[in-house]
Amino acid sequence: MEVEAVDEGTIGKILVAEGTDGVAVNAVIALLLEDGEDASALDGADTSSGGGEPAPNPEAEAPKEDAKAEPEAPASPSPAAAPAPAAKSDGERIFASPLAKRIAQQEGLDLAQLSGSGPHGRIVQRDVEDALASGTGKAKPASKDAPAGAPKASEAAAAVPPAGIDAGMLSMLPEYDSVPNTGMRKTIAKRLTASARDIPHFNVSADIEIDQLMKLRAELNGREGADYKISVNDFVIKAVALALKRKPDCNAAYTDDAILKFKRADISMAVAVDGGLITPIIKDAGAKGLATISAEAKELAAKARDGKLQPNEFQGGTFSISNLGMFGVKTFNSIINSPQGGILSVGAGEQRPVVKDGKLAVATIMSLTLAVDHRCIDGAAAAGFMKELRTILEDPLQLML
Amino acid sequence: MADTNYDVIIIGGGPGGYVAAIRAAQLGFKTCVVEKQHMGGICLNWGCIPTKALLRSAEVYHNMQHADAYGLSADNITFSMKAVVERSRGISKRLSGGVEHLMKKNKVTIVDGTGKLNGPGKVDVTGKDGKAVGTLTAPNIIVATGARPRALPGIEPDKKLIWTYFEAMVPEKTPKSLLVIGSGAIGIEFASFYNTMGVDVTVVEVMKQVMPVEDEEISKFARKQMEKQGLKIMTEAKVTGVKKGSDNVTVSIEDAKGKTQEITVDRVISAVGVQGNIEDIGLETTKVKTDRGCIVADGYGRTDEPGVFAIGDVAGPPMLAHKAEHEGVICIEKIKGLDGVHPMDKARIPGCTYCNPQVASVGLTEAKAKEKGLDVRVGRFSFVGNGKAIALGEDQGMVKTIFDKKTGQLLGAHMVGAEVTELIQGFVVAMNLETTEEDLMQTVFPHPTLSEMMHESVLDAYDRVIHM
């Protein structure tokens with residue numbers, strides 16, 4: 001976001017690098033030098049938040065004498081930005097009730113990190129209280145990351161566009177647009193890199209015949225007065241939850257001390273959204289009927305696309321499903337959504353030649369690929385889960401039990 | 001019945017039911033209301049509205065009697081109870097007709113008769129003659145059957161000597177003396193009405209204060225004012241027995257100290273609360289659960305039976321028309337799947353009582369706030385410090401505000417005095433927008449109005465009051 005400095009001068013020091021996330025409103029981001037001052041005037045500058053009570057800063061106290069030696073230089077510089085109304089990183093005003101603002105201020109919450117559930121997305125008391133309860137949105141004091149005098153900040157700022165590719169290589173690449181990474185992109189990059197690096201993935205695939213499932217689906221959706229439209233994915237969600245119940249070893253997460261075996265299957269479903277993806281959760285999917293799962297999946301996907309998911313709707317989950325079947329993809333592998341132990345990749349259902357009783361026949365086949373964390377789920381367990389999943393999907397009446 | 005299939009069927013055409021019906025129609029649902037008596041329900045026909053008509057007559061009568069205080073003179077001031085009642089009935093009729101017109105305008109079908117669930121998705125309708133009219137079907141059925149007067153054992157209303165609000169609303173003649181059991185909104189409003197009309201009225205309340213749900217300070221203030229007007233009030237007292245005469249009733253009352261006394265009055269009004277109409281509406285054909293006389297429903301009116309919803313009085317307290325209306329809208333919008341539908345925050349439902357002086361409130365009382373362990377700041381402002389109140393000749397009253405000391409959240413607002421039922425909405429809006437004391441202090445209140453006292457009360461909570 002662009003912030004105009006209201007005071008004149010030259011930038012003496014940048015404290016918060018360009019592109020830094022989670023900078024608290026009113027935190028000092030840079031120091032200005034007035035006419036005739038040189039960089040030494042910055043010694044002992046108070047870099048705590050511009051607004052409110054400045055935190056006691058022993059370093060700021062000590063060199064006061066330097067300031068006296070140069071009577072022109074004020075001991076504390078003008079903050080680069082005047083106390084501004086709460087604003088998102090893209091400069092949009094944040095709509096929040098006065099009470100929500102006050103509680104956020106008292107509790108050190110950054111409103112920019114919350115989504116509002118009030119009219120037109122206004123942040124209201126319950127949102128702030130939910131955030132406090134779940135521990136999200138704590139404002140990070142940006143000045144802590146950039147101690148006074150550290151040259152790190154400006155170097156990082158200069159290196160923003162080409163980070164990750166060396167300059168020589170960059171010069172040989174064709175012309176490009178540099179699209180700054182959003183918070184979501186950074187999270188995806190961070191989490192999937194960690195997962196791919198730290199989790200020993202292995203894959204198990206199976207081709208599932210879904211002719212019966214398609215028939216049952218058509219019957220259910222064709223019923224008179226049906227106010228639902230169940231998708232193949234809804235069947236898969238329910239079947240996975242049921243298979244996890246029968247094979248609880250695959251409904252697990254690895255920790256250094258223990259393997260956590262969950263007593264309920266909360267299914268995260270990958271939803272593509274503008275600029276990334278998010279995984280809203282169908283909680284306790286095994287206990288829900290197909291129509292309920294279908295309605296919930298639709299509602300969550302719509303909320304995800306509108307950016308209206310509440311944290312409790314996408315945080316948590318014990319197992320993930322990613323479905324690229326609608327793009328005609330036959331098979332693919334997914335990266336585990338840690339700390340979960342497994343993720344199922346669902347391909348397109350398509351007619352394929354199969355051999356039945358020694359004869360060639362045509363069947364509707366859907367290829368499934370399971371990726372699991374080998375630290376907590378072994379090969380036999382993964383295979384057993386796939387067998388169970390096949391049993392259910394090929395005899396979908398089991399879902400009604 | 002020409003048409004029997006609907007998207008939404010609402011059983012009961014009271015304020016909850018008919019408002020839900022209009023909202024449903026607005027959202028494109030094919031909607032039907034089954035009503036056994038008259039559109040508008042108790043509120044329009046036997047509750048909120050006709051009592052306000054009676055109380056307005058009482059107010060004008062009172063003002064005429066005190067004309068000299070305004071430099072006017074009036075002699076021979078009398079009234080005809082028959083005419084007062086006729087005016088009240090006429091107003092109910094006019095509004096009930098208005099609701100029927102609204103139904104027509106919104107293409108909502110009204111089915112005359114008594115609706116009864118026949119399993120999920122079906123409603124059997126019986127006509128006024130007791131004959132079956134037919135069966136309606138809809139995937140969404142909203143039960144909005146309201147409530148009726150509760151009766152104390154041994155003091156069951158007989159419509160002649162022991163009245164409920166039904167009989168109290170249409171007295172054939174003015175009784176000379178009256179005993180009102182219960183000092184909730186219904187009891188105290190009738191007590192106030194009859195007292196102003198010259199009846200010797202005694203109110204018996206089992207709790208410690210009149211209008212038990214209100215803030216104690218406000219209740220005490222109102223009680224003092226009413227006693228000044230001649231109303232006799234006994235709290236922590238209970239009626240232990242009634243002996244009916246031919247045209248009077250002798251009532252035994254046990255007071256706080258356990259002493260029993262007998263009072264003979266012309267009529268008794270039993271106003272000991274209301275109970276949900278859950279009987280004989282076919283709930284047993286569904287999975288709907290009930291608890292203490294009301295249907296168990298969640299914040300969106302959903303019961304344990306998918307497709308069956310409950311709103312308003314039958315869905316539990318507070319039993320107020322505006323709560324029913326709001327629940328109806330939330331219920332329909334949730335059925336439609338609209339975005340941003342939240343359950344009603346019952347802590348922000350205002351309450352209004354139209355006795356003289358009027359009482360209005362929203363949010364927590366001071367005692368409740370303290371009970372919750374909240375650290376509070378309390379502001380008070382008296383009507384005697386307000387120019388408009390003095391000019392009106394209504395200088396008795398108080399505005400009390402309660403704030404959370406830490407966050408400045410407006411926790412509650414309580415008022416007693418002239419026109420406070422119209423004032424409270426200012427605080428309700430403020431509370432819903434989640435204001436803090438600061439926003440209220442920075443708000444400009446017009447002069448000269450009673451509303452300035454709201455501002456002053458807020459200022460007082462922060463030791464900044466101007467006119468005291």
# chains A, B, ... in the order shown; residues from 1 in each chain; ligands from 1
>>> residues_around(residues="region 79-85 of chain B", least_positions_apart="5", cutoff="10 Å", atoms="only C-alpha atoms", output="ChimeraX atom specification")
/B:50-51,53-58,61,90-91,169-174,197
>>> write_last_selection(atoms="N, CA and C atoms", output="PDB file, in the first residue's frame")
ATOM      1  N   PRO B  50     -54.594  -3.231  20.624  1.00  0.00           N
ATOM      2  CA  PRO B  50     -55.796  -2.734  21.297  1.00  0.00           C
ATOM      3  C   PRO B  50     -55.537  -2.182  22.703  1.00  0.00           C
ATOM      4  N   THR B  51     -54.507  -2.718  23.386  1.00  0.00           N
ATOM      5  CA  THR B  51     -54.202  -2.147  24.708  1.00  0.00           C
ATOM      6  C   THR B  51     -53.638  -0.740  24.559  1.00  0.00           C
ATOM      7  N   ALA B  53     -54.507   1.312  22.353  1.00  0.00           N
ATOM      8  CA  ALA B  53     -55.671   2.161  22.104  1.00  0.00           C
ATOM      9  C   ALA B  53     -56.353   2.512  23.427  1.00  0.00           C
ATOM     10  N   LEU B  54     -56.527   1.503  24.288  1.00  0.00           N
ATOM     11  CA  LEU B  54     -57.148   1.752  25.596  1.00  0.00           C
ATOM     12  C   LEU B  54     -56.301   2.738  26.401  1.00  0.00           C
ATOM     13  N   LEU B  55     -54.998   2.502  26.406  1.00  0.00           N
ATOM     14  CA  LEU B  55     -54.110   3.331  27.220  1.00  0.00           C
ATOM     15  C   LEU B  55     -54.053   4.770  26.715  1.00  0.00           C
ATOM     16  N   ARG B  56     -54.247   4.934  25.402  1.00  0.00           N
ATOM     17  CA  ARG B  56     -54.277   6.299  24.857  1.00  0.00           C
ATOM     18  C   ARG B  56     -55.526   7.028  25.367  1.00  0.00           C
ATOM     19  N   SER B  57     -56.656   6.302  25.398  1.00  0.00           N
ATOM     20  CA  SER B  57     -57.871   6.910  25.961  1.00  0.00           C
ATOM     21  C   SER B  57     -57.622   7.327  27.401  1.00  0.00           C
ATOM     22  N   ALA B  58     -56.969   6.430  28.149  1.00  0.00           N
ATOM     23  CA  ALA B  58     -56.685   6.731  29.558  1.00  0.00           C
ATOM     24  C   ALA B  58     -55.786   7.956  29.677  1.00  0.00           C
ATOM     25  N   TYR B  61     -57.724  11.110  28.936  1.00  0.00           N
ATOM     26  CA  TYR B  61     -58.615  11.338  30.069  1.00  0.00           C
ATOM     27  C   TYR B  61     -57.849  11.952  31.243  1.00  0.00           C
ATOM     28  N   GLY B  90     -62.156  -1.153  16.967  1.00  0.00           N
ATOM     29  CA  GLY B  90     -62.120  -0.622  15.597  1.00  0.00           C
ATOM     30  C   GLY B  90     -60.698  -0.574  15.059  1.00  0.00           C
ATOM     31  N   ILE B  91     -59.783  -0.200  15.942  1.00  0.00           N
ATOM     32  CA  ILE B  91     -58.377  -0.108  15.523  1.00  0.00           C
ATOM     33  C   ILE B  91     -57.829  -1.499  15.188  1.00  0.00           C
ATOM     34  N   MET B 169     -59.892  -6.693  27.991  1.00  0.00           N
ATOM     35  CA  MET B 169     -59.820  -5.805  26.830  1.00  0.00           C
ATOM     36  C   MET B 169     -61.197  -5.265  26.460  1.00  0.00           C
ATOM     37  N   VAL B 170     -62.251  -5.980  26.821  1.00  0.00           N
ATOM     38  CA  VAL B 170     -63.592  -5.590  26.370  1.00  0.00           C
ATOM     39  C   VAL B 170     -64.591  -5.614  27.531  1.00  0.00           C
ATOM     40  N   PRO B 171     -64.322  -4.847  28.595  1.00  0.00           N
ATOM     41  CA  PRO B 171     -65.242  -4.895  29.739  1.00  0.00           C
ATOM     42  C   PRO B 171     -66.623  -4.357  29.330  1.00  0.00           C
ATOM     43  N   GLU B 172     -67.687  -5.031  29.787  1.00  0.00           N
ATOM     44  CA  GLU B 172     -69.024  -4.534  29.466  1.00  0.00           C
ATOM     45  C   GLU B 172     -69.325  -3.302  30.290  1.00  0.00           C
ATOM     46  N   LYS B 173     -68.865  -3.317  31.540  1.00  0.00           N
ATOM     47  CA  LYS B 173     -68.955  -2.110  32.348  1.00  0.00           C
ATOM     48  C   LYS B 173     -67.684  -1.971  33.175  1.00  0.00           C
ATOM     49  N   THR B 174     -67.470  -0.777  33.684  1.00  0.00           N
ATOM     50  CA  THR B 174     -66.249  -0.548  34.428  1.00  0.00           C
ATOM     51  C   THR B 174     -66.403  -1.102  35.837  1.00  0.00           C
ATOM     52  N   MET B 197     -58.681   5.084  34.848  1.00  0.00           N
ATOM     53  CA  MET B 197     -60.107   5.220  34.590  1.00  0.00           C
ATOM     54  C   MET B 197     -60.915   5.228  35.897  1.00  0.00           C
TER      55      MET B 197
END
>>> interface_residues(of="chain B", to="chain A", cutoff="7 Å", atoms="only C-alpha atoms", output="PDB file with N, CA and C atoms, in the first residue's frame")
ATOM      1  N   GLY B 340     -25.090 -14.301   4.972  1.00  0.00           N
ATOM      2  CA  GLY B 340     -25.062 -13.339   6.076  1.00  0.00           C
ATOM      3  C   GLY B 340     -26.272 -13.387   6.987  1.00  0.00           C
ATOM      4  N   THR B 407     -14.194  -2.003  27.811  1.00  0.00           N
ATOM      5  CA  THR B 407     -14.303  -1.811  26.357  1.00  0.00           C
ATOM      6  C   THR B 407     -15.181  -0.631  25.971  1.00  0.00           C
ATOM      7  N   GLN B 409     -18.303  -0.825  25.815  1.00  0.00           N
ATOM      8  CA  GLN B 409     -19.491  -1.378  25.158  1.00  0.00           C
ATOM      9  C   GLN B 409     -20.741  -0.961  25.925  1.00  0.00           C
ATOM     10  N   LEU B 433     -25.089  -1.498  16.269  1.00  0.00           N
ATOM     11  CA  LEU B 433     -23.924  -1.063  15.502  1.00  0.00           C
ATOM     12  C   LEU B 433     -22.664  -1.159  16.345  1.00  0.00           C
ATOM     13  N   GLU B 434     -22.836  -1.676  17.556  1.00  0.00           N
ATOM     14  CA  GLU B 434     -21.701  -1.898  18.460  1.00  0.00           C
ATOM     15  C   GLU B 434     -20.948  -0.607  18.751  1.00  0.00           C
ATOM     16  N   THR B 435     -21.674   0.395  19.153  1.00  0.00           N
ATOM     17  CA  THR B 435     -21.007   1.642  19.500  1.00  0.00           C
ATOM     18  C   THR B 435     -20.315   1.514  20.850  1.00  0.00           C
ATOM     19  N   THR B 436     -19.411   2.409  21.089  1.00  0.00           N
ATOM     20  CA  THR B 436     -18.836   2.555  22.414  1.00  0.00           C
ATOM     21  C   THR B 436     -19.332   3.900  22.950  1.00  0.00           C
TER      22      THR B 436
END
>>> residues_around(residues="region 240-253 of chain A", least_positions_apart="4", cutoff="6 Å", atoms="only C-alpha atoms", output="number ranges by chain")
A: 236, 259-262, 265, 285-286, 339-341, 385, 388-389
>>> write_last_selection(atoms="N, CA and C atoms", output="compact mmCIF listing (two decimals), in the first residue's frame")
# COMPACT_ATOMS: atom_id res chain seq x y z
N VAL A 236 -17.68 -39.30 -3.35
CA VAL A 236 -16.30 -39.61 -2.96
C VAL A 236 -16.05 -39.13 -1.53
N ILE A 259 1.56 -40.78 17.15
CA ILE A 259 0.70 -40.70 15.96
C ILE A 259 -0.71 -40.42 16.46
N LEU A 260 -1.31 -39.39 15.94
CA LEU A 260 -2.66 -39.05 16.37
C LEU A 260 -3.65 -39.76 15.47
N LYS A 261 -4.50 -40.57 16.07
CA LYS A 261 -5.53 -41.26 15.27
C LYS A 261 -6.87 -40.60 15.58
N PHE A 262 -7.45 -39.98 14.58
CA PHE A 262 -8.65 -39.17 14.82
C PHE A 262 -9.89 -40.03 14.94
N ALA A 265 -13.83 -38.24 10.96
CA ALA A 265 -13.22 -37.86 9.68
C ALA A 265 -13.76 -36.50 9.26
N ALA A 285 -17.93 -35.99 8.05
CA ALA A 285 -18.63 -36.31 6.81
C ALA A 285 -19.27 -37.69 6.86
N GLY A 286 -18.69 -38.59 7.66
CA GLY A 286 -19.23 -39.94 7.73
C GLY A 286 -20.63 -39.97 8.32
N PRO A 339 -0.91 -30.87 8.78
CA PRO A 339 -0.38 -32.10 9.39
C PRO A 339 -1.18 -33.35 9.07
N GLN A 340 -2.09 -33.28 8.11
CA GLN A 340 -2.89 -34.47 7.80
C GLN A 340 -1.99 -35.58 7.27
N GLY A 341 -2.48 -36.82 7.35
CA GLY A 341 -1.67 -37.96 6.94
C GLY A 341 -1.90 -38.40 5.51
N PHE A 385 -6.91 -49.23 2.84
CA PHE A 385 -7.87 -48.13 2.73
C PHE A 385 -8.41 -48.04 1.30
N GLU A 388 -10.92 -50.69 0.67
CA GLU A 388 -12.19 -50.37 1.32
C GLU A 388 -12.94 -49.32 0.51
N LEU A 389 -12.19 -48.35 0.03
CA LEU A 389 -12.78 -47.26 -0.75
C LEU A 389 -13.38 -47.82 -2.04
>>> residues_around(residues="Leu290 (chain A)", least_positions_apart="4", cutoff="9 Å", atoms="only C-alpha atoms", output="list in words")
Ile230, Asp234, Phe235, Ile237, Lys238, Ser294, Ala295, Leu399 and Met400 of chain A
>>> atom_distance(atom1="CA of Asn337 (chain A)", atom2="CA of Ala112 (chain A)")
25.4 Å
>>> select_by_dssp(residues="region 153-237 of chain A", states="strand (DSSP E)", output="list in words")
His201, Phe202, Asn203, Val204, Ser205, Ala206, Asp207, Ile208 and Glu209 of chain A
>>> closest_residue(among="B:Leu423, B:Ile466, B:Ala237, B:Ile9", to="Thr449 (chain B)", atoms="only C-alpha atoms")
B:Leu423
>>> select_by_dssp(residues="region 88-248 of chain A", states="helix (DSSP H, G or I)", output="PyMOL selection string")
chain A and resi 98-107+111-113+119-121+125-134+142-145+152-158+167-172+183-198+211-222+232-246+248
>>> write_last_selection(atoms="C-alpha atoms", output="tab-separated table (two decimals), in the first residue's frame")
chain	number	residue	atom	x	y	z
A	98	PRO	CA	-16.36	0.82	17.02
A	99	LEU	CA	-16.52	-1.90	19.65
A	100	ALA	CA	-14.61	-4.37	17.45
A	101	LYS	CA	-11.96	-1.71	16.83
A	102	ARG	CA	-11.59	-0.98	20.49
A	103	ILE	CA	-11.30	-4.62	21.55
A	104	ALA	CA	-8.82	-5.25	18.72
A	105	GLN	CA	-6.75	-2.29	19.88
A	106	GLN	CA	-6.83	-3.43	23.50
A	107	GLU	CA	-5.92	-6.98	22.64
A	111	LEU	CA	-8.11	-6.20	11.99
A	112	ALA	CA	-6.63	-6.56	8.49
A	113	GLN	CA	-6.15	-10.24	9.18
A	119	PRO	CA	-23.45	-6.77	7.04
A	120	HIS	CA	-21.28	-6.21	3.94
A	121	GLY	CA	-18.40	-8.00	5.63
A	125	GLN	CA	-17.57	-8.02	18.10
A	126	ARG	CA	-18.10	-11.74	17.53
A	127	ASP	CA	-15.41	-11.82	14.81
A	128	VAL	CA	-12.88	-10.22	17.11
A	129	GLU	CA	-13.84	-12.51	19.97
A	130	ASP	CA	-13.63	-15.58	17.71
A	131	ALA	CA	-10.20	-14.46	16.57
A	132	LEU	CA	-9.09	-13.99	20.16
A	133	ALA	CA	-10.38	-17.41	21.06
A	134	SER	CA	-8.64	-19.08	18.12
A	142	ALA	CA	7.14	-5.09	12.62
A	143	SER	CA	9.85	-3.01	14.24
A	144	LYS	CA	11.05	-6.06	16.16
A	145	ASP	CA	12.08	-7.77	12.97
A	152	LYS	CA	19.13	-6.35	6.21
A	153	ALA	CA	15.99	-4.41	5.52
A	154	SER	CA	17.17	-2.28	2.62
A	155	GLU	CA	19.00	-5.18	1.00
A	156	ALA	CA	15.90	-7.27	1.14
A	157	ALA	CA	13.91	-4.44	-0.34
A	158	ALA	CA	16.24	-4.12	-3.29
A	167	ALA	CA	20.47	-12.32	-11.60
A	168	GLY	CA	22.48	-13.85	-14.41
A	169	MET	CA	19.75	-16.34	-15.23
A	170	LEU	CA	17.12	-13.62	-14.96
A	171	SER	CA	18.82	-11.52	-17.61
A	172	MET	CA	18.55	-14.38	-20.09
A	183	GLY	CA	-0.48	-13.66	1.43
A	184	MET	CA	-2.27	-16.74	0.14
A	185	ARG	CA	0.45	-17.44	-2.42
A	186	LYS	CA	3.10	-17.14	0.27
A	187	THR	CA	1.21	-19.53	2.53
A	188	ILE	CA	0.80	-22.05	-0.27
A	189	ALA	CA	4.50	-21.79	-1.12
A	190	LYS	CA	5.59	-22.12	2.48
A	191	ARG	CA	3.31	-24.97	3.48
A	192	LEU	CA	3.63	-27.10	0.35
A	193	THR	CA	7.39	-26.67	0.26
A	194	ALA	CA	7.57	-27.82	3.85
A	195	SER	CA	5.27	-30.75	3.14
A	196	ALA	CA	7.12	-31.89	0.03
A	197	ARG	CA	10.46	-31.50	1.79
A	198	ASP	CA	9.66	-32.96	5.20
A	211	ASP	CA	-21.19	-47.41	-13.37
A	212	GLN	CA	-23.35	-48.39	-10.40
A	213	LEU	CA	-22.49	-45.18	-8.64
A	214	MET	CA	-23.48	-43.15	-11.71
A	215	LYS	CA	-26.76	-45.05	-11.87
A	216	LEU	CA	-27.52	-44.47	-8.20
A	217	ARG	CA	-26.61	-40.83	-8.58
A	218	ALA	CA	-28.98	-40.44	-11.54
A	219	GLU	CA	-31.75	-42.13	-9.57
A	220	LEU	CA	-31.25	-39.95	-6.50
A	221	ASN	CA	-31.04	-36.74	-8.48
A	222	GLY	CA	-34.02	-37.73	-10.59
A	232	VAL	CA	-19.67	-37.68	-7.96
A	233	ASN	CA	-17.37	-35.73	-5.66
A	234	ASP	CA	-20.05	-35.74	-2.94
A	235	PHE	CA	-20.08	-39.55	-3.20
A	236	VAL	CA	-16.30	-39.61	-2.96
A	237	ILE	CA	-16.34	-37.39	0.17
A	238	LYS	CA	-18.84	-39.63	1.89
A	239	ALA	CA	-17.08	-42.82	0.77
A	240	VAL	CA	-13.69	-41.57	1.94
A	241	ALA	CA	-15.13	-40.69	5.35
A	242	LEU	CA	-16.69	-44.12	5.60
A	243	ALA	CA	-13.50	-45.88	4.48
A	244	LEU	CA	-11.52	-43.88	7.05
A	245	LYS	CA	-13.93	-45.03	9.70
A	246	ARG	CA	-13.36	-48.63	8.71
A	248	PRO	CA	-8.85	-45.60	11.15
>>> atom_distance(atom1="CA of Gln442 (chain B)", atom2="CA of Ile123 (chain A)")
21.4 Å
>>> residues_around(residues="Lys387 (chain A)", least_positions_apart="5", cutoff="10 Å", atoms="only C-alpha atoms", output="ChimeraX atom specification")
/A:206,208,243,381-382,392-393
>>> write_last_selection(atoms="N, CA and C atoms", output="mmCIF file, in the first residue's frame")
data_model
loop_
_atom_site.group_PDB
_atom_site.id
_atom_site.type_symbol
_atom_site.label_atom_id
_atom_site.label_comp_id
_atom_site.auth_asym_id
_atom_site.auth_seq_id
_atom_site.Cartn_x
_atom_site.Cartn_y
_atom_site.Cartn_z
ATOM 1 N N ALA A 206 -5.547 -46.663 -7.809
ATOM 2 C CA ALA A 206 -6.514 -47.715 -8.130
ATOM 3 C C ALA A 206 -7.512 -47.174 -9.142
ATOM 4 N N ILE A 208 -11.321 -47.375 -10.342
ATOM 5 C CA ILE A 208 -12.589 -47.764 -9.713
ATOM 6 C C ILE A 208 -13.686 -47.741 -10.773
ATOM 7 N N ALA A 243 -14.680 -45.006 4.569
ATOM 8 C CA ALA A 243 -13.504 -45.879 4.480
ATOM 9 C C ALA A 243 -12.526 -45.559 5.611
ATOM 10 N N ALA A 381 -1.451 -50.405 5.078
ATOM 11 C CA ALA A 381 -2.603 -49.658 5.582
ATOM 12 C C ALA A 381 -3.206 -48.821 4.454
ATOM 13 N N ALA A 382 -2.344 -48.180 3.659
ATOM 14 C CA ALA A 382 -2.824 -47.360 2.556
ATOM 15 C C ALA A 382 -3.556 -48.216 1.537
ATOM 16 N N ILE A 392 -16.644 -49.641 -1.378
ATOM 17 C CA ILE A 392 -17.781 -48.734 -1.159
ATOM 18 C C ILE A 392 -18.212 -48.073 -2.474
ATOM 19 N N LEU A 393 -17.252 -47.577 -3.226
ATOM 20 C CA LEU A 393 -17.613 -46.833 -4.438
ATOM 21 C C LEU A 393 -18.205 -47.748 -5.512
#
>>> closest_residue(among="B:Met103, B:Gly426, B:Ile11, B:Gly16", to="Glu325 (chain B)", atoms="only C-alpha atoms")
B:Gly16
>>> residues_around(residues="Ala271 (chain B)", least_positions_apart="5", cutoff="9 Å", atoms="only C-alpha atoms", output="MDAnalysis selection string")
chainID B and resid 149:151 163:165 180:188
>>> write_last_selection(atoms="C-alpha atoms", output="PDB file, in the first residue's frame")
ATOM      1  CA  PRO B 149     -52.631 -16.954  28.955  1.00  0.00           C
ATOM      2  CA  ARG B 150     -51.224 -19.254  31.580  1.00  0.00           C
ATOM      3  CA  ALA B 151     -53.513 -20.134  34.471  1.00  0.00           C
ATOM      4  CA  TRP B 163     -60.480 -12.381  33.554  1.00  0.00           C
ATOM      5  CA  THR B 164     -57.558 -12.872  31.239  1.00  0.00           C
ATOM      6  CA  TYR B 165     -56.471 -10.151  28.853  1.00  0.00           C
ATOM      7  CA  VAL B 180     -54.380  -7.893  39.061  1.00  0.00           C
ATOM      8  CA  ILE B 181     -52.271 -11.003  39.622  1.00  0.00           C
ATOM      9  CA  GLY B 182     -48.862 -10.503  38.044  1.00  0.00           C
ATOM     10  CA  SER B 183     -47.034  -7.303  37.228  1.00  0.00           C
ATOM     11  CA  GLY B 184     -45.373  -8.188  33.946  1.00  0.00           C
ATOM     12  CA  ALA B 185     -46.117  -6.005  30.927  1.00  0.00           C
ATOM     13  CA  ILE B 186     -49.677  -7.291  30.520  1.00  0.00           C
ATOM     14  CA  GLY B 187     -50.664  -7.040  34.187  1.00  0.00           C
ATOM     15  CA  ILE B 188     -49.159  -3.648  34.822  1.00  0.00           C
TER      16      ILE B 188
END
>>> residues_around(residues="Asp460 (chain B)", least_positions_apart="6", cutoff="12 Å", atoms="only C-alpha atoms", output="list in words")
Arg377, Val378, Gly379, Arg380, Phe381, Ser382, Val399, Lys400, Thr401, Ile402, Phe403, Glu437, Leu440, Met441, Met453, Met454, Ile466, His467 and Met468 of chain B
>>> atom_distance(atom1="CA of Glu217 (chain B)", atom2="CA of Phe383 (chain B)")
14.7 Å
